[in-house]
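Visitor: To be precise about what I am sending: the file is called model-v5.tsv and holds TSV, C-alpha atoms.
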```tsv
chain	number	residue	atom	x	y	z
A	249	MET	CA	128.23	85.38	63.51
A	250	LEU	CA	128.15	86.34	67.20
A	251	PRO	CA	125.76	84.50	69.50
A	252	LYS	CA	122.63	86.39	70.56
A	253	ILE	CA	123.21	88.75	73.49
A	254	GLN	CA	121.37	87.44	76.54
A	255	LYS	CA	119.62	89.36	79.33
A	256	LEU	CA	121.96	90.42	82.10
A	257	THR	CA	121.16	90.15	85.80
A	258	LEU	CA	122.58	92.70	88.25
A	259	GLU	CA	123.14	91.28	91.73
A	260	ASP	CA	124.04	93.37	94.79
A	261	LEU	CA	127.55	92.73	96.04
A	262	ASN	CA	127.14	91.19	99.49
A	263	GLY	CA	130.75	90.89	100.64
A	264	THR	CA	130.75	87.10	100.99
A	265	ASP	CA	134.02	85.24	100.46
A	266	ASN	CA	132.69	84.03	97.11
A	267	HIS	CA	132.02	87.59	95.92
A	268	ILE	CA	135.38	88.86	97.22
A	269	ARG	CA	137.24	86.05	95.42
A	270	LEU	CA	135.30	86.71	92.21
A	271	LEU	CA	136.16	90.43	92.34
A	272	PHE	CA	139.81	89.63	93.00
A	273	THR	CA	139.90	87.29	90.00
A	274	LEU	CA	138.41	90.07	87.86
A	275	PHE	CA	140.96	92.52	89.27
A	276	GLN	CA	143.87	90.18	88.49
A	277	GLN	CA	142.80	89.72	84.86
A	278	ARG	CA	142.58	93.48	84.25
A	279	GLN	CA	145.09	94.52	81.64
A	280	LYS	CA	147.58	97.31	82.35
A	281	SER	CA	145.94	99.37	79.60
A	282	GLU	CA	142.63	99.25	81.52
A	283	ARG	CA	143.99	100.44	84.85
A	284	ILE	CA	143.60	103.99	86.08
A	285	SER	CA	144.32	104.01	89.81
A	286	SER	CA	144.65	100.40	90.95
A	287	SER	CA	147.96	98.87	91.91
A	288	VAL	CA	149.15	95.79	90.05
A	289	ASN	CA	150.61	94.51	93.33
A	290	LEU	CA	147.37	94.67	95.34
A	291	SER	CA	147.25	91.79	97.83
A	292	PHE	CA	144.14	89.74	98.49
A	293	GLU	CA	144.01	91.18	102.03
A	294	GLU	CA	144.12	94.77	100.74
A	295	HIS	CA	141.46	93.90	98.20
A	296	SER	CA	139.24	92.33	100.89
A	297	ARG	CA	139.53	95.46	103.03
A	298	PHE	CA	138.58	97.64	100.06
A	299	VAL	CA	135.53	95.48	99.29
A	300	SER	CA	134.40	95.52	102.94
A	301	GLU	CA	134.51	99.36	102.91
A	302	HIS	CA	132.08	99.34	99.92
A	303	PRO	CA	133.02	102.84	98.70
A	304	TYR	CA	130.39	102.97	95.97
A	305	ARG	CA	126.77	104.05	95.81
A	306	TYR	CA	125.98	100.79	93.99
A	307	TRP	CA	128.27	97.81	93.52
A	308	LEU	CA	126.81	95.00	91.49
A	309	LEU	CA	127.89	91.68	90.05
A	310	VAL	CA	126.82	91.00	86.47
A	311	LYS	CA	125.42	87.58	85.59
A	312	ILE	CA	124.12	85.67	82.61
A	313	GLY	CA	121.95	82.87	83.97
A	314	ASP	CA	123.91	81.58	86.95
A	315	LYS	CA	127.35	82.58	85.57
A	316	TYR	CA	129.12	85.71	86.81
A	317	ILE	CA	130.64	87.69	83.93
A	318	GLY	CA	131.78	90.90	85.62
A	319	THR	CA	131.02	93.81	87.90
A	320	VAL	CA	129.68	97.34	87.67
A	321	ASN	CA	129.92	100.12	90.24
A	322	ILE	CA	128.35	103.54	90.42
A	323	SER	CA	130.06	106.14	92.59
A	324	TYR	CA	128.66	109.09	94.50
A	325	GLN	CA	130.30	111.27	91.82
A	326	ASN	CA	128.08	109.63	89.14
A	327	SER	CA	130.97	107.70	87.61
A	328	ILE	CA	130.34	104.20	86.30
A	329	GLY	CA	133.03	101.54	86.50
A	330	ILE	CA	132.68	98.33	84.52
A	331	GLN	CA	134.86	95.27	84.40
A	332	LEU	CA	133.89	92.21	82.42
A	333	PHE	CA	135.76	88.94	82.03
A	334	GLU	CA	137.52	88.98	78.67
A	335	ASP	CA	135.19	86.43	77.04
A	336	TYR	CA	132.19	88.66	77.87
A	337	ARG	CA	133.38	92.11	76.82
A	338	ARG	CA	130.90	92.04	73.95
A	339	TYR	CA	128.24	92.72	76.63
A	340	PHE	CA	129.66	96.16	77.44
A	341	LYS	CA	127.10	98.10	75.40
A	342	THR	CA	124.20	95.99	76.72
A	343	LEU	CA	125.37	96.52	80.29
A	344	ILE	CA	125.72	100.29	79.85
A	345	LYS	CA	122.22	100.51	78.41
A	346	GLN	CA	120.82	98.44	81.28
A	347	VAL	CA	122.57	100.62	83.88
A	348	LEU	CA	121.23	103.79	82.23
A	349	GLU	CA	117.69	102.34	82.18
A	350	THR	CA	117.88	101.12	85.81
A	351	PHE	CA	119.67	103.89	87.69
A	352	ASP	CA	119.46	107.67	87.78
A	353	PRO	CA	122.48	109.88	88.38
A	354	LEU	CA	122.51	111.98	91.53
A	355	ALA	CA	121.71	115.66	91.13
A	356	ALA	CA	124.56	117.91	90.07
A	357	LEU	CA	126.74	119.52	92.74
A	358	PRO	CA	128.89	122.35	91.38
A	359	SER	CA	132.60	121.46	91.48
A	360	VAL	CA	131.75	117.94	92.75
A	361	ARG	CA	129.73	116.08	90.12
A	362	SER	CA	127.80	116.64	86.93
A	363	SER	CA	124.16	115.73	86.45
A	364	ASP	CA	125.09	112.94	84.02
A	365	PHE	CA	126.86	109.64	84.44
A	366	ILE	CA	130.51	109.54	83.38
A	367	ILE	CA	132.98	106.76	82.67
A	368	ASN	CA	136.69	107.22	83.29
A	369	VAL	CA	138.88	105.57	80.66
A	370	SER	CA	142.58	104.83	80.81
A	371	PRO	CA	144.38	106.69	77.99
A	372	ASN	CA	145.69	103.28	76.85
A	373	ASP	CA	142.25	101.64	76.63
A	374	THR	CA	141.46	102.61	73.06
A	375	CYS	CA	138.96	99.74	72.68
A	376	LEU	CA	136.74	101.09	75.46
A	377	GLU	CA	137.09	104.63	74.14
A	378	ARG	CA	135.95	103.51	70.66
A	379	GLU	CA	132.97	101.62	72.12
A	380	LEU	CA	131.85	104.66	74.08
A	381	GLN	CA	132.20	106.93	71.06
A	382	LYS	CA	130.10	104.48	68.97
A	383	MET	CA	127.43	104.76	71.68
A	384	GLY	CA	127.42	108.56	71.34
A	385	ALA	CA	129.46	109.35	74.47
A	386	LYS	CA	131.49	112.55	74.30
A	387	CYS	CA	134.96	113.16	75.74
A	388	ILE	CA	134.52	115.95	78.30
A	389	GLN	CA	137.78	115.90	80.23
A	390	LYS	CA	141.36	114.68	80.36
A	391	THR	CA	142.84	114.06	83.78
A	392	PHE	CA	146.53	114.22	84.67
A	393	ASN	CA	148.23	112.76	87.72
A	394	LEU	CA	150.77	114.98	89.53
A	395	SER	CA	152.90	112.91	91.86
A	396	LYS	CA	155.11	114.69	94.38
A	397	ASN	CA	157.07	111.48	94.97
A	398	GLU	CA	158.31	110.91	91.42
A	399	ASN	CA	161.68	112.13	90.22
A	400	GLU	CA	161.67	115.89	90.46
```
What do you get writing this file as structure tokens?
Guide:
Amino acid sequence: MLPKIQKLTLEDLNGTDNHIRLLFTLFQQRQKSERISSSVNLSFEEHSRFVSEHPYRYWLLVKIGDKYIGTVNISYQNSIGIQLFEDYRRYFKTLIKQVLETFDPLAALPSVRSSDFIINVSPNDTCLERELQKMGAKCIQKTFNLSKNENE
């Protein structure tokens, strides 16, 4: 029997060294199957620069009590990104529900963003895809990468 799911706290990312190190640890534990655009070889310095640029509308750390268990970001394109430490992935559904209750998507802009939140999923992350489908999420798009630098 799984332990009772506790209330999650969402804390604004403040860019302190502690937060940057926590995010880097999360990044390093991300499995290849979960990656979409991030480089496996990202250095701590590159990561720190990225964090300091804060490219998201909201970027939050997820806590249970005083323990950090992951991060969630919401982009200006209404996409939600979630990364939880492996031992806390059972909180995915709870976190999604809390995000949907707390935040509203930005208004639709034709050819820029829809009026709903979206979550991008690596084609290899079948666990996340199944979880989203169980929650009633619908697949609306498949995205392909065209690289001009690969073998032609």
Visitor: Applying 6 Å and all atoms listed in the file, which residues near Leu308 in chain A remain after dropping the ones on its own chain fewer than 3 positions away? List them as a CSV table (one decimal) with C-alpha atoms, keeping the file's coordinate frame.
Guide:
```
chain,number,residue,atom,x,y,z
A,258,LEU,CA,122.6,92.7,88.2
A,259,GLU,CA,123.1,91.3,91.7
A,260,ASP,CA,124.0,93.4,94.8
A,261,LEU,CA,127.6,92.7,96.0
A,319,THR,CA,131.0,93.8,87.9
A,320,VAL,CA,129.7,97.3,87.7
```
Visitor: At a cut-off of 8 Å, using all atoms listed in the file, what residues contact range 352-362 of chain A? Leave out same-chain residues fewer than 2 positions from it and give the result as a list in words.
Guide: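 The residues satisfying every condition are Tyr324, Gln325, Asn326, Leu348, Glu349, Thr350, Asp364 and Phe365 of chain A.
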Visitor: Keeping C-alpha atoms for every residue in the selection just given, could you write it to a file as a PDB file, in the frame of the given file?
Guide:
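Resulting contents of result.pdb:
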```
ATOM      1  CA  TYR A 324     128.660 109.090  94.500  1.00  0.00           C
ATOM      2  CA  GLN A 325     130.300 111.270  91.820  1.00  0.00           C
ATOM      3  CA  ASN A 326     128.080 109.630  89.140  1.00  0.00           C
ATOM      4  CA  LEU A 348     121.230 103.790  82.230  1.00  0.00           C
ATOM      5  CA  GLU A 349     117.690 102.340  82.180  1.00  0.00           C
ATOM      6  CA  THR A 350     117.880 101.120  85.810  1.00  0.00           C
ATOM      7  CA  ASP A 364     125.090 112.940  84.020  1.00  0.00           C
ATOM      8  CA  PHE A 365     126.860 109.640  84.440  1.00  0.00           C
TER       9      PHE A 365
END
```
Visitor: If we count only C-alpha atoms and set the cut-off at 9 Å, which residues sit around Met383 in chain A, ignoring sequence neighbours fewer than 4 positions away in its own chain? Please answer as an NGL selection string.
Guide: :A and (341 or 378-379)
Visitor: From the options A:Lys345, A:Lys386, A:His267, A:Arg338, which residue's atoms come nearest to Trp307 in chain A, counting all atoms listed in the file?
Guide: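 For Trp307 in chain A, the nearest of the given residues is A:His267.
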Visitor: Between A:Ile322, A:Lys311, A:Val347, A:Ser363, which residue has the minimum interatomic distance to Gln254 in chain A, considering only C-alpha atoms?
Guide: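 Counting only C-alpha atoms, the residue closest to Gln254 in chain A is A:Lys311.
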Visitor: Interatomic distance between CA of Lys255 in chain A and CA of Val369 in chain A?
Guide: 25.2 Å
Visitor: May I have the residues within 9 Å of range 295-299 of chain A as a ChimeraX atom specification, using all atoms listed in the file and disregarding those fewer than 2 positions away in the same chain?
Guide: /A:263,265,268-269,271-272,290-293,301-303
Visitor: Would you compute the distance between CA of Phe392 in chain A and CA of Gln331 in chain A? Give it in Å to one decimal.
Guide: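 Between CA of Phe392 in chain A and CA of Gln331 in chain A the gap works out to 22.3 Å.
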Visitor: Could you check which of A:Val310, A:Tyr316, A:Ser323, A:Cys387 is closest to Gln346 in chain A, using all atoms listed in the file?
Guide: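 Under the stated criterion, the closest residue is A:Val310.
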Visitor: Figure out the distance between CA of Phe275 in chain A and CA of Asn289 in chain A, please, to one decimal in Å.
Guide: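 Atom-to-atom, CA of Asn289 in chain A and CA of Phe275 in chain A are spaced 10.7 Å apart.
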Visitor: From the options A:Asn266, A:Asn397, A:Thr374, A:Thr257, which residue's atoms come nearest to Ile317 in chain A, counting all atoms listed in the file?
Guide: A:Thr257
Visitor: As AutoDock Vina command-line options, please report the centre and edge lengths, rounded to one decimal in Å, of the axis-aligned box that holds all listed atoms of range 360-364 of chain A with 8 Å of padding on each of the six sides.
Guide:
```
--center_x 128.0 --center_y 115.4 --center_z 88.4 --size_x 23.6 --size_y 21.0 --size_z 24.7
```
Visitor: Smallest atom-to-atom distance to Thr342 in chain A: which of A:Leu256, A:Lys396, A:Asn321, A:Gln389, using all atoms listed in the file?
Guide: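 Result for the nearest residue to Thr342 in chain A: A:Leu256.
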Visitor: Go ahead and find all residues with at least one atom no further than 9 Å from (146.8, 109.1, 81.1) in the file's coordinates, using all atoms listed in the file; report them as a PyMOL selection string.
Guide: chain A and resi 284+369-372+390-393
Visitor: Of the candidates A:Ile367, A:Phe351, A:Phe333, A:Lys382, which one gets nearest to Gln276 in chain A if we count all atoms listed in the file?
Guide: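 Going through A:Ile367, A:Phe351, A:Phe333, A:Lys382 one by one, the smallest distance to Gln276 in chain A is for A:Phe333.
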Visitor: Kindly write N, CA, C and O atoms of range 345-370 of chain A from the structure just given to a file, as a PDB file, in the first residue's frame.
Guide:
```pdb
ATOM      1  N   LYS A 345      -2.613  18.470 -11.003  1.00  0.00           N
ATOM      2  CA  LYS A 345      -3.892  19.000 -10.518  1.00  0.00           C
ATOM      3  C   LYS A 345      -3.694  20.323  -9.782  1.00  0.00           C
ATOM      4  O   LYS A 345      -4.462  21.273  -9.970  1.00  0.00           O
ATOM      5  N   GLN A 346      -2.650  20.399  -8.962  1.00  0.00           N
ATOM      6  CA  GLN A 346      -2.390  21.634  -8.216  1.00  0.00           C
ATOM      7  C   GLN A 346      -2.030  22.780  -9.159  1.00  0.00           C
ATOM      8  O   GLN A 346      -2.484  23.912  -8.976  1.00  0.00           O
ATOM      9  N   VAL A 347      -1.236  22.505 -10.174  1.00  0.00           N
ATOM     10  CA  VAL A 347      -0.877  23.537 -11.157  1.00  0.00           C
ATOM     11  C   VAL A 347      -2.133  24.025 -11.873  1.00  0.00           C
ATOM     12  O   VAL A 347      -2.344  25.234 -12.034  1.00  0.00           O
ATOM     13  N   LEU A 348      -2.991  23.096 -12.294  1.00  0.00           N
ATOM     14  CA  LEU A 348      -4.210  23.479 -13.009  1.00  0.00           C
ATOM     15  C   LEU A 348      -5.169  24.283 -12.126  1.00  0.00           C
ATOM     16  O   LEU A 348      -5.888  25.156 -12.621  1.00  0.00           O
ATOM     17  N   GLU A 349      -5.178  24.008 -10.828  1.00  0.00           N
ATOM     18  CA  GLU A 349      -6.024  24.757  -9.892  1.00  0.00           C
ATOM     19  C   GLU A 349      -5.445  26.132  -9.558  1.00  0.00           C
ATOM     20  O   GLU A 349      -6.181  27.051  -9.227  1.00  0.00           O
ATOM     21  N   THR A 350      -4.115  26.270  -9.650  1.00  0.00           N
ATOM     22  CA  THR A 350      -3.433  27.491  -9.198  1.00  0.00           C
ATOM     23  C   THR A 350      -3.208  28.499 -10.314  1.00  0.00           C
ATOM     24  O   THR A 350      -3.269  29.704 -10.088  1.00  0.00           O
ATOM     25  N   PHE A 351      -2.937  28.023 -11.515  1.00  0.00           N
ATOM     26  CA  PHE A 351      -2.543  28.895 -12.615  1.00  0.00           C
ATOM     27  C   PHE A 351      -3.530  28.802 -13.771  1.00  0.00           C
ATOM     28  O   PHE A 351      -4.122  27.759 -14.009  1.00  0.00           O
ATOM     29  N   ASP A 352      -3.666  29.902 -14.482  1.00  0.00           N
ATOM     30  CA  ASP A 352      -4.476  29.934 -15.692  1.00  0.00           C
ATOM     31  C   ASP A 352      -3.554  30.056 -16.900  1.00  0.00           C
ATOM     32  O   ASP A 352      -2.547  30.777 -16.847  1.00  0.00           O
ATOM     33  N   PRO A 353      -3.906  29.376 -17.992  1.00  0.00           N
ATOM     34  CA  PRO A 353      -3.111  29.553 -19.209  1.00  0.00           C
ATOM     35  C   PRO A 353      -3.315  30.963 -19.757  1.00  0.00           C
ATOM     36  O   PRO A 353      -4.337  31.609 -19.493  1.00  0.00           O
ATOM     37  N   LEU A 354      -2.331  31.434 -20.508  1.00  0.00           N
ATOM     38  CA  LEU A 354      -2.475  32.709 -21.196  1.00  0.00           C
ATOM     39  C   LEU A 354      -3.483  32.536 -22.330  1.00  0.00           C
ATOM     40  O   LEU A 354      -3.709  31.425 -22.813  1.00  0.00           O
ATOM     41  N   ALA A 355      -4.071  33.631 -22.755  1.00  0.00           N
ATOM     42  CA  ALA A 355      -5.038  33.586 -23.851  1.00  0.00           C
ATOM     43  C   ALA A 355      -4.370  33.054 -25.121  1.00  0.00           C
ATOM     44  O   ALA A 355      -3.167  33.237 -25.335  1.00  0.00           O
ATOM     45  N   ALA A 356      -5.171  32.421 -25.950  1.00  0.00           N
ATOM     46  CA  ALA A 356      -4.664  31.864 -27.202  1.00  0.00           C
ATOM     47  C   ALA A 356      -4.137  32.970 -28.112  1.00  0.00           C
ATOM     48  O   ALA A 356      -4.677  34.071 -28.146  1.00  0.00           O
ATOM     49  N   LEU A 357      -3.068  32.649 -28.825  1.00  0.00           N
ATOM     50  CA  LEU A 357      -2.534  33.494 -29.891  1.00  0.00           C
ATOM     51  C   LEU A 357      -2.402  32.593 -31.106  1.00  0.00           C
ATOM     52  O   LEU A 357      -1.611  31.642 -31.076  1.00  0.00           O
ATOM     53  N   PRO A 358      -3.157  32.848 -32.171  1.00  0.00           N
ATOM     54  CA  PRO A 358      -3.091  31.978 -33.340  1.00  0.00           C
ATOM     55  C   PRO A 358      -1.652  31.778 -33.822  1.00  0.00           C
ATOM     56  O   PRO A 358      -0.864  32.717 -33.892  1.00  0.00           O
ATOM     57  N   SER A 359      -1.306  30.549 -34.093  1.00  0.00           N
ATOM     58  CA  SER A 359       0.012  30.129 -34.568  1.00  0.00           C
ATOM     59  C   SER A 359       1.121  30.315 -33.536  1.00  0.00           C
ATOM     60  O   SER A 359       2.302  30.146 -33.859  1.00  0.00           O
ATOM     61  N   VAL A 360       0.771  30.655 -32.291  1.00  0.00           N
ATOM     62  CA  VAL A 360       1.774  30.809 -31.231  1.00  0.00           C
ATOM     63  C   VAL A 360       1.480  29.868 -30.074  1.00  0.00           C
ATOM     64  O   VAL A 360       2.352  29.120 -29.640  1.00  0.00           O
ATOM     65  N   ARG A 361       0.254  29.921 -29.543  1.00  0.00           N
ATOM     66  CA  ARG A 361      -0.104  29.072 -28.410  1.00  0.00           C
ATOM     67  C   ARG A 361      -1.607  28.837 -28.389  1.00  0.00           C
ATOM     68  O   ARG A 361      -2.391  29.668 -28.834  1.00  0.00           O
ATOM     69  N   SER A 362      -1.966  27.687 -27.817  1.00  0.00           N
ATOM     70  CA  SER A 362      -3.386  27.382 -27.652  1.00  0.00           C
ATOM     71  C   SER A 362      -3.887  27.995 -26.349  1.00  0.00           C
ATOM     72  O   SER A 362      -3.096  28.522 -25.558  1.00  0.00           O
ATOM     73  N   SER A 363      -5.167  27.904 -26.128  1.00  0.00           N
ATOM     74  CA  SER A 363      -5.757  28.463 -24.915  1.00  0.00           C
ATOM     75  C   SER A 363      -5.673  27.500 -23.738  1.00  0.00           C
ATOM     76  O   SER A 363      -6.109  27.833 -22.642  1.00  0.00           O
ATOM     77  N   ASP A 364      -5.133  26.312 -23.949  1.00  0.00           N
ATOM     78  CA  ASP A 364      -4.999  25.309 -22.897  1.00  0.00           C
ATOM     79  C   ASP A 364      -3.520  25.077 -22.577  1.00  0.00           C
ATOM     80  O   ASP A 364      -2.644  25.361 -23.392  1.00  0.00           O
ATOM     81  N   PHE A 365      -3.282  24.529 -21.404  1.00  0.00           N
ATOM     82  CA  PHE A 365      -1.936  24.087 -21.081  1.00  0.00           C
ATOM     83  C   PHE A 365      -1.619  22.831 -21.877  1.00  0.00           C
ATOM     84  O   PHE A 365      -2.511  22.035 -22.195  1.00  0.00           O
ATOM     85  N   ILE A 366      -0.336  22.659 -22.201  1.00  0.00           N
ATOM     86  CA  ILE A 366       0.138  21.457 -22.880  1.00  0.00           C
ATOM     87  C   ILE A 366       1.358  20.927 -22.137  1.00  0.00           C
ATOM     88  O   ILE A 366       2.014  21.665 -21.392  1.00  0.00           O
ATOM     89  N   ILE A 367       1.646  19.661 -22.342  1.00  0.00           N
ATOM     90  CA  ILE A 367       2.869  19.050 -21.803  1.00  0.00           C
ATOM     91  C   ILE A 367       3.544  18.325 -22.951  1.00  0.00           C
ATOM     92  O   ILE A 367       2.918  17.481 -23.614  1.00  0.00           O
ATOM     93  N   ASN A 368       4.800  18.647 -23.191  1.00  0.00           N
ATOM     94  CA  ASN A 368       5.577  17.956 -24.212  1.00  0.00           C
ATOM     95  C   ASN A 368       6.177  16.692 -23.590  1.00  0.00           C
ATOM     96  O   ASN A 368       6.686  16.728 -22.472  1.00  0.00           O
ATOM     97  N   VAL A 369       6.116  15.595 -24.323  1.00  0.00           N
ATOM     98  CA  VAL A 369       6.575  14.309 -23.815  1.00  0.00           C
ATOM     99  C   VAL A 369       7.546  13.703 -24.818  1.00  0.00           C
ATOM    100  O   VAL A 369       7.251  13.641 -26.008  1.00  0.00           O
ATOM    101  N   SER A 370       8.681  13.256 -24.318  1.00  0.00           N
ATOM    102  CA  SER A 370       9.617  12.535 -25.170  1.00  0.00           C
ATOM    103  C   SER A 370       8.930  11.288 -25.707  1.00  0.00           C
ATOM    104  O   SER A 370       8.168  10.630 -24.985  1.00  0.00           O
TER     105      SER A 370
END
```
